[in-house]
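To start, the structure under review is shown below, and the notes come after it.
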Number of protein chains: 2
Amino acid sequence: MANTQSRKNEKVIPISVIKRLPIYYRCLVNLLNRDMERISSRELAEKIGVTASQIRQDLSHFGNFGQRGYGYNINDLSNAIANILGINHNFTMVLIGAGNLGTAIANYPNFKQRGFQIKAVFDNDISKIGMKLSDCTIQHINKLEDFLQVNNIDIGILTIPAEETQYFCNIFKEYGIKGIWNFAPVSLNTGNQVMVENVHISESLMTLAYRLKEEC
Amino acid sequence: MANTQSRKNEKVIPISVIKRLPIYYRCLVNLLNRDMERISSRELAEKIGVTASQIRQDLSHFGNFGQRGYGYNINDLSNAIANILGINHNFTMVLIGAGNLGTAIANYPNFKQRGFQIKAVFDNDISKIGMKLSDCTIQHINKLEDFLQVNNIDIGILTIPAEETQYFCNIFKEYGIKGIWNFAPVSLNTGNQVMVENVHISESLMTLAYRLKEEC
């Protein structure tokens, strides 16, 4: 599956398609939890708030799913999307910043069972060092480089103020971390070696404000 | 400005353009804070990680900004984008869920000075009732409807588990709240009267996972 996937993706899949896959996945897992076996693309589309043809078109990038008159087998399709997305691939992560946002992320339900493991948490607040967060003991930030030297980490999570992010971004790059999950309101300069995925919270609020203002 | 804006927007602006405006705005405010006066579209593009022609094209939806050979006046452009986005428009908000994520959101820097005011915070955890969060005293969730009856609220923020969101979504709708800022991993059913802006944290991580897996 993974190999077929890589070859297929030589014709680059639009990022908008990739961003919808986790939404399909979440919906399918909810249906599985309610013991449902199959669903039509129309029903799935209604639950998600897209069109059925959007779903069919998105999935067509990755192969043939579903059968006319039967719809999708929910278990098969959720497994296929999990494979496409790399869920269960086992990604190791470090978290920098054990404030409220970092704590919320570390305690987010389902990350671990989907193969995303936080291996260590670092902070510069002395009062937090030694406290537990998720399965980790919070370590002082000056231990980060020692940790990265002997541990193979895929993703660095940044839940720290914007002005500190570039420093850690450079450390991550130096130690071969391939992905940064950035919650700070800043555009990181990483070159091409490191992928950055941003969760820009205030920009999401401003987008909502625009849509509300236009509606008035 | 606002009126011109509304008329122009009868030819609908793509949401992808709207989502980039807050990024431009953040960058421009950072430059203003460093006492810069003007910037070329090329320099601005480099800082943000888009192309100069993308910036020019995005801004062209809203009017003429910048001059050939001079670039953009940073103060003017940031004010213009603030007006377009509805920043400083003064939006009132309530926050449902005073857990770690809710606390992080309530304490997010700059929301208040950009005109986004949290007027009340509600939770169902008795041990939190009466505690302070940002400028609010946390109230029991059973006070929400009384509060909405006598206060004019624009935006409801949901930082609660997925299974509880639809219930509050319905209450928001009933009391005429026009926007929901949803952090729960769920697609809300709101009809057409209420705008929903989602921050889907786990879906962002899955998107990063996909990109990392494809890179390997």
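Ordered as shown in the structure tokens, chains take letters A, B, and onward, while each chain numbers its residues from 1 and ligands are numbered from 1 in the order shown.
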Could you list, with a cut-off of 8 Å and counting only C-alpha atoms, the residues of chain B near chain A, each shown with its nearest atom pair and the distance in Å rounded to one decimal, rows sorted by chain and ascending number, as JSON lines?
{"residue": "B:Ser6", "atom": "CA", "partner": "A:Glu214", "partner_atom": "CA", "distance": 6.4}
{"residue": "B:Asn9", "atom": "CA", "partner": "A:Glu214", "partner_atom": "CA", "distance": 7.9}
{"residue": "B:Ile18", "atom": "CA", "partner": "A:Thr207", "partner_atom": "CA", "distance": 6.4}
{"residue": "B:Lys19", "atom": "CA", "partner": "A:Thr207", "partner_atom": "CA", "distance": 5.9}
{"residue": "B:Pro22", "atom": "CA", "partner": "A:Glu203", "partner_atom": "CA", "distance": 5.2}
{"residue": "B:Ile23", "atom": "CA", "partner": "A:Glu203", "partner_atom": "CA", "distance": 6.8}
{"residue": "B:Arg26", "atom": "CA", "partner": "A:Pro185", "partner_atom": "CA", "distance": 7.8}
{"residue": "B:Lys47", "atom": "CA", "partner": "A:Ser187", "partner_atom": "CA", "distance": 7.4}
{"residue": "B:Ile48", "atom": "CA", "partner": "A:Ser187", "partner_atom": "CA", "distance": 6.1}
{"residue": "B:Gly49", "atom": "CA", "partner": "A:Ser187", "partner_atom": "CA", "distance": 7.6}
{"residue": "B:Ile84", "atom": "CA", "partner": "A:Tyr210", "partner_atom": "CA", "distance": 7.0}
{"residue": "B:Leu85", "atom": "CA", "partner": "A:Tyr210", "partner_atom": "CA", "distance": 4.5}
{"residue": "B:Gly86", "atom": "CA", "partner": "A:Tyr210", "partner_atom": "CA", "distance": 5.5}
{"residue": "B:Ile87", "atom": "CA", "partner": "A:Met206", "partner_atom": "CA", "distance": 7.1}
{"residue": "B:Phe91", "atom": "CA", "partner": "A:Ala209", "partner_atom": "CA", "distance": 7.8}
{"residue": "B:Gly99", "atom": "CA", "partner": "A:Ala104", "partner_atom": "CA", "distance": 8.0}
{"residue": "B:Asn100", "atom": "CA", "partner": "A:Asn100", "partner_atom": "CA", "distance": 4.8}
{"residue": "B:Leu101", "atom": "CA", "partner": "A:Ala104", "partner_atom": "CA", "distance": 5.3}
{"residue": "B:Thr103", "atom": "CA", "partner": "A:Asn100", "partner_atom": "CA", "distance": 6.4}
{"residue": "B:Ala104", "atom": "CA", "partner": "A:Asn100", "partner_atom": "CA", "distance": 5.1}
{"residue": "B:Phe111", "atom": "CA", "partner": "A:Ser202", "partner_atom": "CA", "distance": 7.6}
{"residue": "B:Lys178", "atom": "CA", "partner": "A:Leu212", "partner_atom": "CA", "distance": 7.0}
{"residue": "B:Gly179", "atom": "CA", "partner": "A:Leu212", "partner_atom": "CA", "distance": 6.7}
{"residue": "B:Trp181", "atom": "CA", "partner": "A:Leu205", "partner_atom": "CA", "distance": 7.2}
{"residue": "B:Pro185", "atom": "CA", "partner": "A:Arg26", "partner_atom": "CA", "distance": 7.7}
{"residue": "B:Val186", "atom": "CA", "partner": "A:Arg26", "partner_atom": "CA", "distance": 7.9}
{"residue": "B:Ser187", "atom": "CA", "partner": "A:Ile48", "partner_atom": "CA", "distance": 6.1}
{"residue": "B:Met195", "atom": "CA", "partner": "A:Leu212", "partner_atom": "CA", "distance": 7.2}
{"residue": "B:Val196", "atom": "CA", "partner": "A:Leu208", "partner_atom": "CA", "distance": 7.5}
{"residue": "B:Glu197", "atom": "CA", "partner": "A:Leu208", "partner_atom": "CA", "distance": 5.8}
{"residue": "B:Asn198", "atom": "CA", "partner": "A:Ser204", "partner_atom": "CA", "distance": 7.7}
{"residue": "B:Val199", "atom": "CA", "partner": "A:Ser204", "partner_atom": "CA", "distance": 7.1}
{"residue": "B:Ile201", "atom": "CA", "partner": "A:Val199", "partner_atom": "CA", "distance": 7.2}
{"residue": "B:Ser202", "atom": "CA", "partner": "A:Phe111", "partner_atom": "CA", "distance": 7.6}
{"residue": "B:Glu203", "atom": "CA", "partner": "A:Pro22", "partner_atom": "CA", "distance": 5.2}
{"residue": "B:Ser204", "atom": "CA", "partner": "A:Glu197", "partner_atom": "CA", "distance": 7.0}
{"residue": "B:Leu205", "atom": "CA", "partner": "A:Trp181", "partner_atom": "CA", "distance": 7.2}
{"residue": "B:Met206", "atom": "CA", "partner": "A:Leu85", "partner_atom": "CA", "distance": 6.3}
{"residue": "B:Thr207", "atom": "CA", "partner": "A:Lys19", "partner_atom": "CA", "distance": 5.9}
{"residue": "B:Leu208", "atom": "CA", "partner": "A:Glu197", "partner_atom": "CA", "distance": 5.8}
{"residue": "B:Ala209", "atom": "CA", "partner": "A:Gly86", "partner_atom": "CA", "distance": 5.8}
{"residue": "B:Tyr210", "atom": "CA", "partner": "A:Leu85", "partner_atom": "CA", "distance": 4.5}
{"residue": "B:Arg211", "atom": "CA", "partner": "A:Met195", "partner_atom": "CA", "distance": 7.5}
{"residue": "B:Leu212", "atom": "CA", "partner": "A:Gly179", "partner_atom": "CA", "distance": 6.8}
{"residue": "B:Lys213", "atom": "CA", "partner": "A:Gly86", "partner_atom": "CA", "distance": 6.1}
{"residue": "B:Glu214", "atom": "CA", "partner": "A:Ser6", "partner_atom": "CA", "distance": 6.3}
Could the residues in this selection be written to a file with N, CA and C atoms, as a compact mmCIF listing (two decimals), in the first residue's frame?
# COMPACT_ATOMS: atom_id res chain seq x y z
N SER B 6 -18.20 45.82 1.43
CA SER B 6 -19.35 44.95 1.30
C SER B 6 -19.80 44.85 -0.15
N ASN B 9 -17.55 42.73 -2.17
CA ASN B 9 -17.61 41.31 -1.87
C ASN B 9 -18.82 40.60 -2.41
N ILE B 18 -9.06 34.96 2.07
CA ILE B 18 -9.41 35.45 3.42
C ILE B 18 -8.46 34.88 4.45
N LYS B 19 -8.13 33.58 4.29
CA LYS B 19 -7.29 32.92 5.29
C LYS B 19 -5.85 33.44 5.25
N PRO B 22 -5.00 37.32 7.51
CA PRO B 22 -4.46 37.44 8.87
C PRO B 22 -2.95 37.20 8.93
N ILE B 23 -2.44 36.38 8.01
CA ILE B 23 -0.99 36.13 7.98
C ILE B 23 -0.27 37.40 7.55
N ARG B 26 -0.46 39.84 10.51
CA ARG B 26 0.49 39.54 11.59
C ARG B 26 1.89 40.02 11.23
N LYS B 47 9.13 37.02 3.65
CA LYS B 47 8.91 36.85 5.10
C LYS B 47 7.79 35.87 5.38
N ILE B 48 6.81 35.85 4.50
CA ILE B 48 5.60 35.06 4.75
C ILE B 48 5.70 33.66 4.14
N GLY B 49 6.52 33.56 3.08
CA GLY B 49 6.62 32.25 2.42
C GLY B 49 5.58 32.05 1.34
N ILE B 84 -10.62 45.33 6.65
CA ILE B 84 -11.21 44.26 5.84
C ILE B 84 -11.61 43.09 6.74
N LEU B 85 -10.73 42.72 7.66
CA LEU B 85 -10.96 41.54 8.50
C LEU B 85 -11.98 41.79 9.60
N GLY B 86 -12.21 43.06 9.92
CA GLY B 86 -13.14 43.33 11.02
C GLY B 86 -12.43 43.37 12.36
N ILE B 87 -11.09 43.45 12.33
CA ILE B 87 -10.35 43.64 13.58
C ILE B 87 -10.70 45.05 14.06
N PHE B 91 -15.88 42.45 18.83
CA PHE B 91 -16.71 41.25 18.89
C PHE B 91 -16.78 40.78 20.34
N GLY B 99 -10.98 24.32 30.57
CA GLY B 99 -9.86 23.38 30.73
C GLY B 99 -8.57 24.02 30.22
N ASN B 100 -7.58 23.17 29.93
CA ASN B 100 -6.29 23.71 29.48
C ASN B 100 -6.41 24.48 28.18
N LEU B 101 -7.17 23.92 27.24
CA LEU B 101 -7.29 24.59 25.94
C LEU B 101 -8.05 25.90 26.11
N THR B 103 -8.31 27.73 28.75
CA THR B 103 -7.45 28.67 29.47
C THR B 103 -6.42 29.28 28.52
N ALA B 104 -5.84 28.43 27.67
CA ALA B 104 -4.86 28.95 26.69
C ALA B 104 -5.53 29.98 25.78
N PHE B 111 -5.76 39.26 21.75
CA PHE B 111 -7.16 39.17 21.34
C PHE B 111 -7.90 40.44 21.75
N LYS B 178 -24.05 34.49 16.23
CA LYS B 178 -23.86 34.37 14.78
C LYS B 178 -22.62 33.54 14.39
N GLY B 179 -21.65 33.41 15.33
CA GLY B 179 -20.42 32.70 14.99
C GLY B 179 -20.01 31.72 16.06
N TRP B 181 -16.73 29.37 17.24
CA TRP B 181 -15.31 29.04 17.06
C TRP B 181 -15.09 27.71 17.78
N PRO B 185 -13.11 18.09 17.86
CA PRO B 185 -12.96 17.35 16.60
C PRO B 185 -14.30 16.80 16.12
N VAL B 186 -15.15 17.69 15.65
CA VAL B 186 -16.49 17.29 15.23
C VAL B 186 -17.00 18.30 14.20
N SER B 187 -17.81 17.81 13.25
CA SER B 187 -18.46 18.71 12.30
C SER B 187 -19.81 19.10 12.88
N MET B 195 -22.22 30.84 11.49
CA MET B 195 -20.93 30.55 10.86
C MET B 195 -20.11 29.71 11.83
N VAL B 196 -19.48 28.67 11.33
CA VAL B 196 -18.59 27.88 12.19
C VAL B 196 -17.17 27.98 11.65
N GLU B 197 -16.25 28.32 12.51
CA GLU B 197 -14.83 28.27 12.17
C GLU B 197 -14.21 27.21 13.08
N ASN B 198 -13.61 26.21 12.46
CA ASN B 198 -13.04 25.09 13.22
C ASN B 198 -11.54 25.22 13.38
N VAL B 199 -11.03 24.88 14.54
CA VAL B 199 -9.60 24.64 14.71
C VAL B 199 -9.49 23.16 15.04
N ILE B 201 -7.39 20.38 15.66
CA ILE B 201 -5.99 20.16 16.04
C ILE B 201 -5.48 18.82 15.56
N SER B 202 -6.24 17.74 15.79
CA SER B 202 -5.71 16.43 15.42
C SER B 202 -5.63 16.29 13.90
N GLU B 203 -6.50 16.98 13.18
CA GLU B 203 -6.43 16.89 11.72
C GLU B 203 -5.20 17.60 11.18
N SER B 204 -4.77 18.62 11.88
CA SER B 204 -3.53 19.29 11.49
C SER B 204 -2.34 18.35 11.68
N LEU B 205 -2.34 17.60 12.78
CA LEU B 205 -1.23 16.64 13.02
C LEU B 205 -1.23 15.54 11.96
N MET B 206 -2.42 15.09 11.58
CA MET B 206 -2.49 14.03 10.56
C MET B 206 -2.00 14.55 9.20
N THR B 207 -2.29 15.81 8.91
CA THR B 207 -1.78 16.39 7.66
C THR B 207 -0.26 16.41 7.67
N LEU B 208 0.32 16.78 8.81
CA LEU B 208 1.79 16.77 8.93
C LEU B 208 2.33 15.35 8.76
N ALA B 209 1.64 14.38 9.39
CA ALA B 209 2.07 12.98 9.29
C ALA B 209 2.10 12.53 7.83
N TYR B 210 1.07 12.89 7.08
CA TYR B 210 1.02 12.51 5.67
C TYR B 210 2.22 13.08 4.91
N ARG B 211 2.47 14.37 5.16
CA ARG B 211 3.56 15.02 4.42
C ARG B 211 4.90 14.40 4.79
N LEU B 212 5.08 14.03 6.06
CA LEU B 212 6.34 13.40 6.49
C LEU B 212 6.49 12.02 5.86
N LYS B 213 5.41 11.28 5.84
CA LYS B 213 5.44 9.92 5.31
C LYS B 213 5.76 9.95 3.81
N GLU B 214 5.18 10.90 3.12
CA GLU B 214 5.42 11.02 1.67
C GLU B 214 6.86 11.39 1.38
Checklist entry - Using the chain letters and numbers from this document, which residues of stretch 32-165 of chain A does DSSP assign to alpha helix (DSSP H), as a ChimeraX atom specification? => result /A:32-33,41-48,52-60,74-85,100-106,144-150,162-165
Next on the checklist: as a VMD selection string, please: every residue in stretch 81-173 of chain B that a backbone DSSP assignment puts in strand (DSSP E).
Outcome noted: chain B and resid 91 to 96 116 to 123 132 to 133 136 to 140 155 to 158
Next on the checklist: Please compute the atom CA of B:Gly63-atom CA of B:Ser40 distance, one decimal, in Å.
Outcome noted: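 Here the two named atoms are 17.0 Å from each other.
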Checklist entry - Got a sec: who's within 10 Å of A:Ile138, counting only C-alpha atoms, leaving out chain neighbours fewer than 6 positions off, as a list in words? => result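 These residues fall inside the cut-off: Leu95, Ile96, Gly97, Ala98, Ala120, Val121, Phe122, Asp123, Asn124, Asp125, Ile126, Lys128, Ile129, Gly130, Met131 and Lys132 of chain A.
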List as a PDB file with all heavy atoms, in the first residue's frame the protein and nucleic acid residues near B:Asn73, meaning an atom at most 8 Å away when only C-alpha atoms are counted, but skip any in the same chain fewer than 5 places from it.
ATOM      1  N   GLU B  37       8.753  51.337   7.930  1.00  0.00           N
ATOM      2  CA  GLU B  37       7.710  52.173   7.326  1.00  0.00           C
ATOM      3  C   GLU B  37       7.128  51.588   6.050  1.00  0.00           C
ATOM      4  O   GLU B  37       5.959  51.719   5.767  1.00  0.00           O
ATOM      5  CB  GLU B  37       8.275  53.559   7.007  1.00  0.00           C
ATOM      6  CG  GLU B  37       8.052  54.534   8.149  1.00  0.00           C
ATOM      7  CD  GLU B  37       8.653  55.880   7.852  1.00  0.00           C
ATOM      8  OE1 GLU B  37       8.572  56.336   6.688  1.00  0.00           O
ATOM      9  OE2 GLU B  37       9.227  56.467   8.781  1.00  0.00           O
ATOM     10  N   ARG B  38       8.041  50.997   5.235  1.00  0.00           N
ATOM     11  CA  ARG B  38       7.516  50.476   3.978  1.00  0.00           C
ATOM     12  C   ARG B  38       8.218  49.166   3.616  1.00  0.00           C
ATOM     13  O   ARG B  38       9.290  48.848   4.137  1.00  0.00           O
ATOM     14  CB  ARG B  38       7.690  51.501   2.864  1.00  0.00           C
ATOM     15  CG  ARG B  38       9.143  51.835   2.572  1.00  0.00           C
ATOM     16  CD  ARG B  38       9.238  52.718   1.337  1.00  0.00           C
ATOM     17  NE  ARG B  38      10.596  53.095   1.073  1.00  0.00           N
ATOM     18  CZ  ARG B  38      11.078  53.320  -0.135  1.00  0.00           C
ATOM     19  NH1 ARG B  38      10.293  53.224  -1.198  1.00  0.00           N
ATOM     20  NH2 ARG B  38      12.335  53.660  -0.308  1.00  0.00           N
ATOM     21  N   ILE B  39       7.588  48.423   2.729  1.00  0.00           N
ATOM     22  CA  ILE B  39       8.130  47.119   2.329  1.00  0.00           C
ATOM     23  C   ILE B  39       7.652  46.822   0.908  1.00  0.00           C
ATOM     24  O   ILE B  39       6.518  47.184   0.538  1.00  0.00           O
ATOM     25  CB  ILE B  39       7.709  46.014   3.330  1.00  0.00           C
ATOM     26  CG1 ILE B  39       8.508  44.730   3.085  1.00  0.00           C
ATOM     27  CG2 ILE B  39       6.190  45.743   3.272  1.00  0.00           C
ATOM     28  CD1 ILE B  39       8.433  43.741   4.224  1.00  0.00           C
ATOM     29  N   GLY B  66      -0.286  49.890  -2.371  1.00  0.00           N
ATOM     30  CA  GLY B  66       1.115  49.899  -2.798  1.00  0.00           C
ATOM     31  C   GLY B  66       1.321  50.696  -4.062  1.00  0.00           C
ATOM     32  O   GLY B  66       0.381  50.945  -4.825  1.00  0.00           O
TER      33      GLY B  66
END
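Interatomic distance, atom CA of B:Asp76 to atom CA of B:Gly115: 18.7 Å.
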Item to check | Counting only C-alpha atoms, the option among B:Thr137, B:Asn192, B:Asn64, B:Asn142 closest to B:Phe168 | outcome: B:Asn142
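Relative to atom CA of B:Arg42, atom CA of B:Val29 is found at 17.2 Å.
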Next on the checklist: Which residues are close to B:Gln149, i.e. within 10 Å by only C-alpha atoms, leaving aside same-chain residues fewer than 5 positions away? Reply as an MDAnalysis selection string.
Outcome noted: chainID B and resid 144 174:176
Next on the checklist: I'd like to know which of A:Ala106, A:Met36, A:Ile81, A:Leu28 is closest to A:Ser60, using only C-alpha atoms.
Outcome noted: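 Checking each candidate against A:Ser60, we get A:Ile81 as the closest.
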